[in-house]
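What follows is the content of upload_11.txt (compact mmCIF, C-alpha atoms).
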```
# COMPACT_ATOMS: atom_id res chain seq x y z
CA MET A 1 -54.63 43.54 33.82
CA GLN A 2 -56.49 46.03 31.64
CA SER A 3 -56.35 49.69 32.51
CA ASP A 4 -59.66 51.48 32.93
CA VAL A 5 -58.87 53.54 29.83
CA LEU A 6 -58.28 50.46 27.68
CA LYS A 7 -61.38 48.75 29.04
CA GLN A 8 -63.52 51.73 28.03
CA ILE A 9 -61.91 51.95 24.57
CA ILE A 10 -62.49 48.25 23.90
CA GLU A 11 -66.11 48.47 25.04
CA ILE A 12 -66.99 51.45 22.83
CA THR A 13 -65.07 49.97 19.87
CA GLU A 14 -66.98 46.68 20.08
CA LYS A 15 -70.25 48.63 20.09
CA PHE A 16 -69.03 50.78 17.20
CA SER A 17 -68.08 47.67 15.22
CA SER A 18 -71.55 46.23 15.71
CA GLU A 19 -73.25 49.46 14.64
CA ALA A 20 -71.03 49.81 11.58
CA GLY A 21 -71.59 46.14 10.73
CA SER A 22 -75.29 46.80 10.22
CA PHE A 23 -74.60 49.57 7.70
CA GLU A 24 -76.04 48.90 4.24
CA LEU A 25 -76.13 50.84 0.98
CA GLY A 26 -79.07 48.99 -0.52
CA SER A 27 -77.00 48.05 -3.55
CA ASP A 28 -74.72 45.18 -4.53
CA GLU A 29 -72.55 47.56 -6.53
CA VAL A 30 -70.40 48.41 -3.51
CA TYR A 31 -68.57 45.89 -1.32
CA ILE A 32 -68.35 46.84 2.36
CA TYR A 33 -65.50 45.54 4.51
CA ASN A 34 -65.59 45.86 8.31
CA PRO A 35 -62.15 44.86 9.66
CA LEU A 36 -63.28 45.59 13.21
CA GLN A 37 -65.29 42.38 12.85
CA TYR A 38 -63.25 39.94 10.77
CA ALA A 39 -59.89 41.29 12.03
CA TRP A 40 -61.00 42.03 15.61
CA ASP A 41 -58.16 39.96 17.11
CA MET A 42 -55.61 42.20 15.41
CA HIS A 43 -57.48 45.42 16.12
CA ARG A 44 -57.86 44.60 19.79
CA LYS A 45 -54.13 43.95 20.05
CA TYR A 46 -53.54 47.29 18.36
CA LEU A 47 -55.76 49.03 20.93
CA GLU A 48 -53.86 47.31 23.73
CA LEU A 49 -50.68 48.80 22.28
CA ALA A 50 -51.92 52.23 21.23
CA ALA A 51 -54.87 53.15 23.48
CA SER A 52 -54.20 51.83 26.97
CA HIS A 53 -53.74 55.23 28.62
CA ARG A 54 -54.40 58.93 28.12
CA ILE A 55 -52.32 60.59 25.43
CA ARG A 56 -51.29 64.02 24.17
CA VAL A 57 -51.71 63.70 20.38
CA LEU A 58 -54.31 61.88 18.27
CA PHE A 59 -53.79 61.36 14.54
CA LEU A 60 -57.02 60.62 12.65
CA GLY A 61 -57.35 58.96 9.25
CA MET A 62 -60.53 58.64 7.21
CA ASN A 63 -61.28 54.94 6.70
CA PRO A 64 -59.50 51.67 5.84
CA GLY A 65 -57.61 51.11 2.60
CA PRO A 66 -57.69 47.82 0.65
CA PHE A 67 -54.04 46.95 1.31
CA GLY A 68 -53.79 48.36 4.82
CA MET A 69 -56.42 48.17 7.53
CA MET A 70 -58.73 46.03 5.39
CA GLN A 71 -56.00 43.39 5.52
CA THR A 72 -54.50 43.81 8.97
CA GLY A 73 -57.15 45.46 11.17
CA VAL A 74 -54.67 48.23 12.05
CA PRO A 75 -55.13 51.91 11.04
CA PHE A 76 -52.87 52.62 8.05
CA GLY A 77 -51.86 48.98 8.56
CA GLU A 78 -49.12 48.50 6.00
CA ILE A 79 -47.97 44.92 6.40
CA ASN A 80 -44.26 45.52 7.10
CA ALA A 81 -45.00 48.25 9.64
CA VAL A 82 -47.50 45.99 11.40
CA LYS A 83 -45.05 43.12 11.60
CA SER A 84 -41.71 44.87 12.09
CA TYR A 85 -42.50 48.17 13.83
CA LEU A 86 -45.69 47.44 15.77
CA LYS A 87 -44.75 43.77 16.13
CA LEU A 88 -48.35 42.63 16.01
CA ASP A 89 -49.53 39.15 15.12
CA GLY A 90 -52.97 37.61 15.21
CA GLU A 91 -55.88 36.07 13.38
CA VAL A 92 -57.65 37.70 10.43
CA GLY A 93 -60.83 36.21 9.01
CA LYS A 94 -62.92 37.15 6.00
CA PRO A 95 -65.57 39.83 5.37
CA GLN A 96 -69.15 38.68 4.90
CA ARG A 97 -68.95 39.57 1.22
CA GLU A 98 -65.55 39.63 -0.45
CA HIS A 99 -64.68 41.25 -3.76
CA PRO A 100 -62.98 38.61 -5.96
CA LYS A 101 -60.31 41.16 -6.92
CA ARG A 102 -59.62 42.19 -3.31
CA PRO A 103 -59.41 39.06 -1.17
CA VAL A 104 -58.42 39.52 2.46
CA GLU A 105 -55.07 37.78 2.86
CA GLY A 106 -54.40 39.12 6.35
CA LEU A 107 -50.79 39.02 7.46
CA MET A 108 -49.89 36.96 4.39
CA ILE A 109 -50.45 39.88 2.03
CA LYS A 110 -47.43 40.80 -0.06
CA ARG A 111 -48.57 44.17 -1.34
CA SER A 112 -47.51 47.26 0.60
CA GLU A 113 -49.88 50.12 1.33
CA ILE A 114 -47.95 53.30 0.55
CA SER A 115 -49.95 55.59 2.87
CA GLY A 116 -49.25 53.37 5.85
CA LYS A 117 -45.63 52.82 4.85
CA ARG A 118 -45.07 56.57 4.80
CA LEU A 119 -46.96 57.36 8.02
CA TRP A 120 -45.53 54.58 10.19
CA GLY A 121 -42.12 55.09 8.57
CA LEU A 122 -42.13 58.71 9.71
CA PHE A 123 -43.06 57.67 13.23
CA ALA A 124 -40.41 54.95 13.27
CA GLU A 125 -37.72 57.43 12.26
CA ARG A 126 -38.66 59.70 15.15
CA TYR A 127 -39.47 56.92 17.63
CA PRO A 128 -37.54 53.71 16.81
CA LYS A 129 -39.49 51.91 19.53
CA CYS A 130 -43.25 52.08 18.96
CA GLU A 131 -43.83 52.05 22.72
CA ASP A 132 -42.17 55.48 22.87
CA LEU A 133 -44.48 56.75 20.14
CA PHE A 134 -47.58 55.47 21.92
CA SER A 135 -46.54 56.96 25.24
CA GLU A 136 -47.94 60.26 23.93
CA HIS A 137 -49.49 59.58 20.48
CA THR A 138 -52.09 57.34 18.96
CA VAL A 139 -53.65 56.76 15.53
CA PHE A 140 -57.34 56.08 14.85
CA ASN A 141 -59.63 56.09 11.82
CA TYR A 142 -62.81 58.12 11.65
CA CYS A 143 -64.76 55.31 9.98
CA PRO A 144 -64.07 51.57 10.37
CA LEU A 145 -65.52 50.55 7.01
CA GLY A 146 -63.79 50.12 3.67
CA PHE A 147 -65.73 50.51 0.43
CA LEU A 148 -64.89 48.94 -2.94
CA THR A 149 -66.74 49.42 -6.19
CA GLY A 150 -68.23 46.28 -7.70
CA THR A 151 -66.37 46.81 -10.95
CA LYS A 152 -63.40 44.72 -12.07
CA SER A 153 -61.07 47.48 -10.90
CA ALA A 154 -62.40 47.19 -7.33
CA LYS A 155 -61.71 50.89 -6.86
CA ASN A 156 -61.41 52.16 -3.29
CA LEU A 157 -64.44 54.42 -2.70
CA ALA A 158 -64.01 57.52 -0.56
CA MET A 159 -66.68 58.19 2.07
CA ASP A 160 -67.71 61.50 0.56
CA LEU A 161 -68.77 59.66 -2.61
CA LEU A 162 -71.37 57.54 -0.79
CA PRO A 163 -75.06 58.39 -1.25
CA ALA A 164 -75.84 61.36 1.01
CA GLN A 165 -78.61 59.80 3.10
CA GLU A 166 -76.62 56.67 3.94
CA ARG A 167 -73.39 58.62 4.45
CA ILE A 168 -75.00 60.98 6.96
CA ARG A 169 -76.32 58.05 8.98
CA LEU A 170 -72.88 56.45 9.05
CA GLU A 171 -71.20 59.73 9.96
CA GLN A 172 -73.48 60.13 12.96
CA SER A 173 -72.20 56.84 14.35
CA CYS A 174 -68.58 57.79 13.52
CA ASP A 175 -69.00 61.19 15.20
CA GLU A 176 -70.31 59.56 18.36
CA TYR A 177 -67.44 57.08 18.49
CA LEU A 178 -64.76 59.71 17.89
CA SER A 179 -66.27 61.94 20.58
CA LYS A 180 -66.06 59.09 23.07
CA VAL A 181 -62.47 58.27 22.08
CA VAL A 182 -61.41 61.87 22.65
CA ARG A 183 -63.26 62.03 25.96
CA ILE A 184 -61.53 58.87 27.20
CA LEU A 185 -58.00 59.48 25.87
CA GLU A 186 -58.03 63.26 26.54
CA PRO A 187 -55.65 64.38 23.76
CA LYS A 188 -55.03 68.10 23.45
CA THR A 189 -53.74 68.02 19.87
CA LEU A 190 -55.92 66.54 17.12
CA ILE A 191 -54.28 66.00 13.74
CA GLY A 192 -56.16 65.04 10.63
CA VAL A 193 -54.27 62.83 8.20
CA GLY A 194 -55.74 64.78 5.32
CA LYS A 195 -58.31 67.59 5.18
CA TYR A 196 -61.38 65.35 5.49
CA ALA A 197 -60.36 64.16 8.95
CA GLU A 198 -59.39 67.68 10.00
CA LYS A 199 -62.82 69.03 9.00
CA LYS A 200 -64.53 66.29 11.00
CA MET A 201 -62.55 67.15 14.12
CA ILE A 202 -63.14 70.88 13.71
CA SER A 203 -66.90 70.25 13.45
CA LEU A 204 -66.87 68.17 16.64
CA PHE A 205 -64.20 69.85 18.76
CA GLY A 206 -63.60 73.27 17.20
CA ASP A 207 -65.18 75.07 20.15
CA GLY A 208 -63.06 73.21 22.71
CA ASP A 209 -59.57 73.70 24.09
CA TYR A 210 -57.81 71.73 21.36
CA GLN A 211 -55.08 72.34 18.83
CA ILE A 212 -56.49 71.07 15.52
CA PHE A 213 -54.72 70.95 12.17
CA SER A 214 -53.93 68.50 9.36
CA ILE A 215 -50.94 66.98 7.66
CA ILE A 216 -50.78 66.11 3.96
CA HIS A 217 -52.44 62.77 3.33
CA PRO A 218 -49.63 60.35 2.41
CA SER A 219 -51.56 58.59 -0.36
CA PRO A 220 -49.65 58.30 -3.66
CA GLY A 221 -52.88 59.53 -5.27
CA ASN A 222 -52.21 62.91 -3.64
CA PRO A 223 -49.64 64.81 -5.78
CA GLN A 224 -48.48 66.81 -2.74
CA ALA A 225 -47.44 63.59 -0.99
CA ASN A 226 -45.11 62.30 -3.66
CA ARG A 227 -42.20 64.63 -3.00
CA ASP A 228 -40.54 64.93 0.43
CA TRP A 229 -43.75 64.00 2.28
CA ASP A 230 -41.81 62.90 5.35
CA LYS A 231 -39.74 66.09 5.55
CA LYS A 232 -42.73 68.37 5.02
CA THR A 233 -44.80 66.50 7.59
CA ALA A 234 -42.07 66.41 10.21
CA GLN A 235 -41.47 70.13 9.74
CA LYS A 236 -45.15 70.88 10.29
CA LEU A 237 -45.17 68.81 13.49
CA PHE A 238 -42.17 70.80 14.72
CA ASP A 239 -43.75 74.11 13.66
CA PHE A 240 -46.90 73.36 15.65
CA GLY A 241 -44.94 72.26 18.70
CA VAL A 242 -46.10 68.66 18.54
CA TRP A 243 -42.51 67.48 18.25
CA ARG A 244 -39.64 69.31 19.90
```
Produce structure tokens that represent the structure in this file.
Amino acid sequence: MQSDVLKQIIEITEKFSSEAGSFELGSDEVYIYNPLQYAWDMHRKYLELAASHRIRVLFLGMNPGPFGMMQTGVPFGEINAVKSYLKLDGEVGKPQREHPKRPVEGLMIKRSEISGKRLWGLFAERYPKCEDLFSEHTVFNYCPLGFLTGTKSAKNLAMDLLPAQERIRLEQSCDEYLSKVVRILEPKTLIGVGKYAEKKMISLFGDGDYQIFSIIHPSPGNPQANRDWDKKTAQKLFDFGVWR
């Protein structure tokens, strides 16, 4: 039987998925992936695991990566973490328009997403059973959409590089969803995985009774993350009293 918290989270996430699914850039030069639609089975199972009750700490990422959530429907969804740590299994379909260089392989993907490997690896070291992690923590993304350039490189496009008018419209929907998530789950500590997510939470919740800060984004494209990321991140969580 679903808890009232989970029921509310699923309802607002389905609405959010529909709103995000109508987002367009007016150009074929960018491919838009919405894993909340084509990987909804996996994402719903993730919510059942990670958002079924009120929590103390919410970690927030920016948006899906091509080898993580775009493939698995799970935030920072590195394939081995999804299978071995979260122990999730389910159906993954295809986006409406798929970049030929970035096909969605779902749980059959062989490539590891480093950001997710680092983040979930840190959690697994502290909480060997994911149920213990989710008793007080959860992980969400600010935006459900992934963006790939139409070039042969299929480069992952950060949200802040989208055209301003379209980006602002998308951010309004993301702000509304995040506000509802926080209202329902009632976390007191909000942690941005990277500065972008931290700034978004400060803009929405900075006047409230929340502890808000960020950890270094674990992407290998971030030079700060490529040396002792796990130790530096764990130390910050201890320093801020998140972990004891």
Query - CA of Ile215 in chain A to CA of Leu60 in chain A, distance in Å rounded to a single decimal - result: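 Separation of CA of Ile215 in chain A and CA of Leu60 in chain A: 10.1 Å.
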Would you give me, as a tab-separated table, each residue of range 50-103 of chain A having an atom within 9 Å of an atom of range 128-148 of chain A, along with its shortest atom pair and that distance in Å to one decimal, using all atoms listed in the file and sorting by chain and residue number?
```
residue	atom	partner	partner_atom	distance
A:Ala50	CA	A:Phe134	CA	5.5
A:Ala51	CA	A:Thr138	CA	6.8
A:His53	CA	A:Ser135	CA	8.1
A:Arg54	CA	A:Glu136	CA	7.8
A:Ile55	CA	A:Glu136	CA	4.6
A:Arg56	CA	A:Glu136	CA	5.0
A:Val57	CA	A:His137	CA	4.7
A:Leu58	CA	A:Thr138	CA	5.1
A:Phe59	CA	A:Val139	CA	4.7
A:Leu60	CA	A:Phe140	CA	5.1
A:Gly61	CA	A:Asn141	CA	4.5
A:Met62	CA	A:Tyr142	CA	5.0
A:Asn63	CA	A:Cys143	CA	4.8
A:Pro64	CA	A:Gly146	CA	5.1
A:Gly65	CA	A:Gly146	CA	6.3
A:Pro66	CA	A:Gly146	CA	7.2
A:Met69	CA	A:Gly146	CA	8.5
A:Met70	CA	A:Gly146	CA	6.7
A:Val74	CA	A:Phe140	CA	8.8
A:Pro75	CA	A:Phe140	CA	6.1
A:Phe76	CA	A:Asn141	CA	8.5
A:Tyr85	CA	A:Cys130	CA	6.5
A:Leu86	CA	A:Cys130	CA	6.1
A:Lys87	CA	A:Cys130	CA	8.9
A:His99	CA	A:Leu148	CA	7.7
A:Arg102	CA	A:Leu148	CA	8.6
```
Report task. Between CA of Glu19 in chain A and CA of Ser179 in chain A, measure the distance and give it in Å to one decimal. Result ->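 Separation of CA of Glu19 in chain A and CA of Ser179 in chain A: 15.5 Å.
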Query raised in the report: What is the distance between CA of Arg167 in chain A and CA of Lys180 in chain A, in Å to one decimal?
Result: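 Straight-line distance from CA of Arg167 in chain A to CA of Lys180 in chain A works out to 20.0 Å.
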**Report entry** Nearest to Pro220 in chain A by atom-to-atom distance, counting all atoms listed in the file, from A:Glu113, A:Glu198, A:Glu166, A:Asp175
**Finding:**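 Looking at the shortest contact to Pro220 in chain A, the residue is A:Glu113.
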Query raised in the report: Looking at only C-alpha atoms, which of A:Gly90, A:Gly68, A:Pro35, A:Gly208 is the one that sits closest to Trp120 in chain A?
Result: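 Checking each of A:Gly90, A:Gly68, A:Pro35, A:Gly208 against Trp120 in chain A, counting only C-alpha atoms, the winner is A:Gly68.
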Quick one: residues within 9 Å of Val92 in chain A, all atoms listed in the file, excluding same-chain residues fewer than 2 positions away - as a JSON list (two decimals) with C-alpha atoms, in the frame of the given file?
```
[["chain", "number", "residue", "atom", "x", "y", "z"],
["A", 35, "PRO", "CA", -62.15, 44.86, 9.66],
["A", 38, "TYR", "CA", -63.25, 39.94, 10.77],
["A", 39, "ALA", "CA", -59.89, 41.29, 12.03],
["A", 40, "TRP", "CA", -61.00, 42.03, 15.61],
["A", 41, "ASP", "CA", -58.16, 39.96, 17.11],
["A", 42, "MET", "CA", -55.61, 42.20, 15.41],
["A", 71, "GLN", "CA", -56.00, 43.39, 5.52],
["A", 72, "THR", "CA", -54.50, 43.81, 8.97],
["A", 73, "GLY", "CA", -57.15, 45.46, 11.17],
["A", 90, "GLY", "CA", -52.97, 37.61, 15.21],
["A", 94, "LYS", "CA", -62.92, 37.15, 6.00],
["A", 104, "VAL", "CA", -58.42, 39.52, 2.46],
["A", 105, "GLU", "CA", -55.07, 37.78, 2.86],
["A", 106, "GLY", "CA", -54.40, 39.12, 6.35],
["A", 107, "LEU", "CA", -50.79, 39.02, 7.46]]
```
**Report entry** Selection as a list of chain:residue names: residues within 12 Å of (-43.4, 68.1, 11.9), counting only C-alpha atoms
**Finding:**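 Counting only C-alpha atoms, I find these residues within 12 Å of (-43.4, 68.1, 11.9): A:Leu119, A:Leu122, A:Phe123, A:Arg126, A:Ile191, A:Phe213, A:Ser214, A:Ile215, A:Ile216, A:Trp229, A:Asp230, A:Lys231, A:Lys232, A:Thr233, A:Ala234, A:Gln235, A:Lys236, A:Leu237, A:Phe238, A:Asp239, A:Phe240, A:Gly241, A:Val242, A:Trp243, A:Arg244.
Of the listed residues (A:Gln224, A:Asn156, A:Ser3, A:Asn80), A:Asn80 comes nearest to Arg111 in chain A; the distances count only C-alpha atoms.
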Report task. Excluding Ile202 in chain A and residues on its chain fewer than 5 positions from it, collect all residues at most 9 Å away from it, counting only C-alpha atoms, and give them as a PyMOL selection string. Result -> chain A and resi 197+207+212-213
Query raised in the report: Taking into account only C-alpha atoms, which residue in the set A:Ile114, A:Val82, A:Ile10, A:Cys174 is nearest to Arg44 in chain A?
Result: A:Ile10
Query - For Arg97 in chain A, the nearest of the candidates A:Ile32, A:Leu161, A:Leu47, A:Val193, counting only C-alpha atoms - result: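 Nearest candidate to Arg97 in chain A out of A:Ile32, A:Leu161, A:Leu47, A:Val193: A:Ile32.
Using only C-alpha atoms, the smallest distance between any of A:Leu185, A:Leu204, A:Leu25, A:Leu88 and Gln172 in chain A comes from A:Leu204.
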Taking the structure in the block just given, could you write range 87-98 of chain A with N, CA and C atoms, as a tab-separated table (two decimals), in the first residue's frame?
```tsv
chain	number	residue	atom	x	y	z
A	87	LYS	N	19.48	-1.99	-6.54
A	87	LYS	CA	18.79	-3.25	-6.88
A	87	LYS	C	17.46	-3.00	-7.59
A	88	LEU	N	17.52	-2.12	-8.57
A	88	LEU	CA	16.33	-1.79	-9.36
A	88	LEU	C	16.37	-2.50	-10.71
A	89	ASP	N	15.21	-2.88	-11.17
A	89	ASP	CA	15.07	-3.52	-12.47
A	89	ASP	C	13.73	-3.11	-13.06
A	90	GLY	N	13.68	-2.91	-14.36
A	90	GLY	CA	12.42	-2.51	-14.96
A	90	GLY	C	12.58	-2.24	-16.44
A	91	GLU	N	11.51	-1.76	-17.04
A	91	GLU	CA	11.48	-1.52	-18.47
A	91	GLU	C	11.95	-0.10	-18.79
A	92	VAL	N	12.69	0.02	-19.89
A	92	VAL	CA	13.12	1.31	-20.41
A	92	VAL	C	12.83	1.33	-21.90
A	93	GLY	N	12.08	2.33	-22.33
A	93	GLY	CA	11.74	2.44	-23.74
A	93	GLY	C	12.71	3.35	-24.49
A	94	LYS	N	12.19	4.08	-25.43
A	94	LYS	CA	13.00	4.97	-26.26
A	94	LYS	C	12.43	6.38	-26.25
A	95	PRO	N	13.31	7.40	-26.35
A	95	PRO	CA	12.81	8.77	-26.49
A	95	PRO	C	12.13	8.97	-27.84
A	96	GLN	N	11.33	10.00	-27.94
A	96	GLN	CA	10.62	10.27	-29.20
A	96	GLN	C	11.59	10.50	-30.34
A	97	ARG	N	12.71	11.11	-30.05
A	97	ARG	CA	13.72	11.41	-31.07
A	97	ARG	C	15.08	11.08	-30.48
A	98	GLU	N	15.75	10.10	-31.07
A	98	GLU	CA	16.97	9.56	-30.49
A	98	GLU	C	18.18	9.93	-31.33
```
